[in-house]
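**Student:** Starting off with a structure, shown below.
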Amino acid sequence: MTALNTIVPPGVVTGDNLVKLLEHARDNGYAIPAVNCTRFSSVMIAAIYFLCGEVDSERRSLNHSSSANACLEAAAKNNSPIIIQVSNGGGVFLAGKSVKDPNAAAAGSVALAYHVRAVAKYYGVPVVLHSDHCAKKLLPWFDGMLEADKEYFDAFGEPLFSSHMLDLSEEPDDENIAICVKYFKKMATMKIWLEMEIGITGGEEDGVNNEDIDPEKLYTTPEQVYSVYDALSKIGPMFSIAAAFGNVHGVYKPGNVSLSPEKLLTHQEYTKKQINSPLERPIFLVMHGGSGSTEDEIKVAVKNGVIKMNIDTDTQWAYWDGLRRFEAEKRDYLQGQIGNPEGDEKPNKKFYDPRVWVRKAEESMCARVGDSMAKLGSVGTYPKSTEPGSQQVILQKNSVGKLVGALKSIF
């Protein structure tokens with residue numbers, strides 16, 4: 001096996017480096033966890049300070065607590081690549097729930113991307129910046145992110161994000177594929193990876209409810225997968241397919257969901273025969289609804305060509321559980337600013353300081369992401385770089401005036 005750290009640099013990867021990363025995963029039988037991130041402190045203001053070159057240690061200390069940082073920490077500890085992704089609802093939350101502007105989701109998503117680019121290289125592992133499910137009604141959000149990609153590409157020669165997902169699985173297949181083709185042509189000029197979904201993932205995710213969907217639609221056919229491959233491969237190779245095999249978003253009791261990851265092999269074999277491919281697994285496949293899946297189901301999916309697995313519900317619980325356990329342990333110190341079991345005049349700041357209890361949430365989430373890395377086989381695939389860290393936001397300070405202005409106009 002070629003050492004991944006000899007062909008892919010640490011930090012946010014795009015374009016050819018992203019292709020190398022995902023090919024390495026496919027060829028060596030592992031997958032990369034993709035985690036939805038919605039929690040960070042004061043990152044949007046920090047992004048402006050950073051772009052203006054005005055970041056000092058005090059300002060930066062306000063921005064260390066985040067689910068994105070927990071994922072990066074897990075990747076560094078486990079010597080693994082990581083995919084950090086944002087949903088439409090996550091983007092709205094990151095911009096601030098009080099913001100009612102129609103572009104809030106794009107603004108929040110871009111803010112997360114800048115935060116990750118500012119710190120990713122300090123963790124010494126490859127990081128993929130991705131946006132999650134985009135239904136037809138959410139295409140303005142997708143357009144906003146592509147505009148940010150184009151501005152970044154014009155300034156730095158690479159897109160802001162590594163990849164984006166279109167989820168048009170609720171539309172007829174012909175329309176789904178046609179819209180994907182339209183957007184993929186735009187994305188290919190910037191070497192942005194496209195993930196698309198055909199067949200429906202059950203359950204509820206980010207306001208899209210498929211809990212009562214026809215069970216037959218939870219299983220994509222080989223012919224459907226090949227129709228996607230045939231259309232997109234004519235534009236370029238940078239795409240992956242989320243083919244449904246009984247997947248369900250959310251958490252559920254064992255036995256309540258019937259996953260059939262063996263069906264993914266049928267998709268691979270069918271397309272391989274159609275295109276006469278020398279590859280055993282010619283399709284890059286994605287597994288959605290990874291939370292709650294058994295270790296055996298995950299192993300079969302990865303064996304059959306899954307190179308990315310989404311986890312959200314389990315990491316949400318892990319984040320909360322770290323905070324819950326801290327509150328239970330320190331409850332008597334969290335009832336007022338002054339006064340605790342050690343004395344009526346004893347201060348409690350070191351317990352209610354957000355950097356303390358959010359860190360407990362981060363530690364818990366970090367451990368859960370590491371567990372997914374172990375199940376997916378990505379642990380140890382990328383020895384952490386020993387090179388000094390650096391940010392990936394400013395390459396030439398004089399070239400970012402337009403980007404700074406755009407961010408300032410948002411905030």
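How things are named: the first chain in the structure tokens is A, the next is B, and so on; residues count from 1 in each chain; ligands count from 1 in the order shown.
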Please provide the set of residues having any atom within 7 Å of A:Lys20, restricted to only C-alpha atoms, with same-chain residues fewer than 4 positions apart removed, written as a ChimeraX atom specification.
**Tutor:** /A:8,16,24
**Student:** Could you give me, as a ChimeraX atom specification, each residue of stretch 191-354 of chain A that DSSP assigns to helix (DSSP H, G or I) when run on this structure's backbone?
**Tutor:** /A:215-218,222-233,263-275,295-303,313-333,349-352,354
**Student:** Restrict the selected residues to C-alpha atoms and save them as an mmCIF file, in the first residue's frame.
**Tutor:**
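Final output, saved to out.cif:
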```
data_model
loop_
_atom_site.group_PDB
_atom_site.id
_atom_site.type_symbol
_atom_site.label_atom_id
_atom_site.label_comp_id
_atom_site.auth_asym_id
_atom_site.auth_seq_id
_atom_site.Cartn_x
_atom_site.Cartn_y
_atom_site.Cartn_z
ATOM 1 C CA PRO A 215 -39.999 0.846 1.543
ATOM 2 C CA GLU A 216 -39.232 -0.131 -2.057
ATOM 3 C CA LYS A 217 -37.678 3.298 -2.635
ATOM 4 C CA LEU A 218 -35.141 2.632 0.120
ATOM 5 C CA PRO A 222 -28.106 -1.376 -10.312
ATOM 6 C CA GLU A 223 -29.717 0.174 -13.381
ATOM 7 C CA GLN A 224 -30.383 3.425 -11.517
ATOM 8 C CA VAL A 225 -26.794 3.609 -10.318
ATOM 9 C CA TYR A 226 -25.423 2.959 -13.781
ATOM 10 C CA SER A 227 -27.656 5.650 -15.311
ATOM 11 C CA VAL A 228 -26.022 8.151 -12.954
ATOM 12 C CA TYR A 229 -22.526 6.866 -13.691
ATOM 13 C CA ASP A 230 -23.147 7.000 -17.457
ATOM 14 C CA ALA A 231 -24.338 10.617 -17.350
ATOM 15 C CA LEU A 232 -21.739 12.046 -14.953
ATOM 16 C CA SER A 233 -18.677 10.151 -16.204
ATOM 17 C CA LYS A 263 -26.592 -4.844 -2.748
ATOM 18 C CA LEU A 264 -23.747 -2.384 -3.258
ATOM 19 C CA LEU A 265 -21.608 -5.152 -4.731
ATOM 20 C CA THR A 266 -24.342 -5.797 -7.301
ATOM 21 C CA HIS A 267 -24.159 -2.127 -8.327
ATOM 22 C CA GLN A 268 -20.379 -2.365 -8.730
ATOM 23 C CA GLU A 269 -20.554 -5.561 -10.767
ATOM 24 C CA TYR A 270 -23.276 -4.220 -13.044
ATOM 25 C CA THR A 271 -21.427 -0.986 -13.856
ATOM 26 C CA LYS A 272 -18.097 -2.816 -14.186
ATOM 27 C CA LYS A 273 -19.665 -5.046 -16.834
ATOM 28 C CA GLN A 274 -21.302 -2.128 -18.662
ATOM 29 C CA ILE A 275 -18.077 -0.125 -18.955
ATOM 30 C CA GLU A 295 -19.970 -3.012 12.724
ATOM 31 C CA ASP A 296 -20.637 -5.903 10.328
ATOM 32 C CA GLU A 297 -22.958 -3.784 8.153
ATOM 33 C CA ILE A 298 -20.324 -1.073 7.949
ATOM 34 C CA LYS A 299 -17.583 -3.563 7.045
ATOM 35 C CA VAL A 300 -19.665 -5.055 4.223
ATOM 36 C CA ALA A 301 -20.480 -1.591 2.872
ATOM 37 C CA VAL A 302 -16.810 -0.574 2.867
ATOM 38 C CA LYS A 303 -15.784 -3.857 1.262
ATOM 39 C CA THR A 313 -27.111 11.516 15.197
ATOM 40 C CA ASP A 314 -24.508 9.558 17.167
ATOM 41 C CA THR A 315 -22.064 12.460 17.250
ATOM 42 C CA GLN A 316 -24.829 14.847 18.320
ATOM 43 C CA TRP A 317 -25.558 12.553 21.250
ATOM 44 C CA ALA A 318 -21.861 12.224 22.080
ATOM 45 C CA TYR A 319 -21.466 16.022 22.153
ATOM 46 C CA TRP A 320 -24.455 16.382 24.471
ATOM 47 C CA ASP A 321 -23.427 13.392 26.594
ATOM 48 C CA GLY A 322 -20.076 14.965 27.437
ATOM 49 C CA LEU A 323 -21.851 18.083 28.652
ATOM 50 C CA ARG A 324 -24.498 16.047 30.484
ATOM 51 C CA ARG A 325 -21.896 14.063 32.403
ATOM 52 C CA PHE A 326 -19.985 17.220 33.348
ATOM 53 C CA GLU A 327 -23.146 18.902 34.652
ATOM 54 C CA ALA A 328 -24.092 15.823 36.676
ATOM 55 C CA GLU A 329 -20.616 15.649 38.222
ATOM 56 C CA LYS A 330 -20.292 19.386 38.961
ATOM 57 C CA ARG A 331 -23.943 20.290 39.576
ATOM 58 C CA ASP A 332 -23.296 21.743 43.020
ATOM 59 C CA TYR A 333 -20.729 24.106 41.484
ATOM 60 C CA LYS A 349 -16.087 30.627 37.286
ATOM 61 C CA LYS A 350 -13.740 27.743 36.494
ATOM 62 C CA PHE A 351 -16.791 25.476 36.261
ATOM 63 C CA TYR A 352 -19.263 27.607 34.277
ATOM 64 C CA PRO A 354 -17.940 27.869 28.468
#
```
**Student:** Please, what distance in Å, to one decimal, runs between atom CA of A:Val128 and atom CA of A:Leu168?
**Tutor:**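 So the answer is 22.2 Å.
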**Student:** From the list A:Pro81, A:Gly29, A:Gly339, A:Pro347, which residue is nearest A:Gly11 when using only C-alpha atoms?
**Tutor:**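 Closest to A:Gly11 of all the choices is A:Pro81.
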**Student:** Could you pull out all residues of stretch 84-324 of chain A with a DSSP call of strand (DSSP E) and give them as a PyMOL selection string?
**Tutor:** chain A and resi 84-86+126-131+163-166+193-198+203-205+208-210+239-243+285-287+306-311
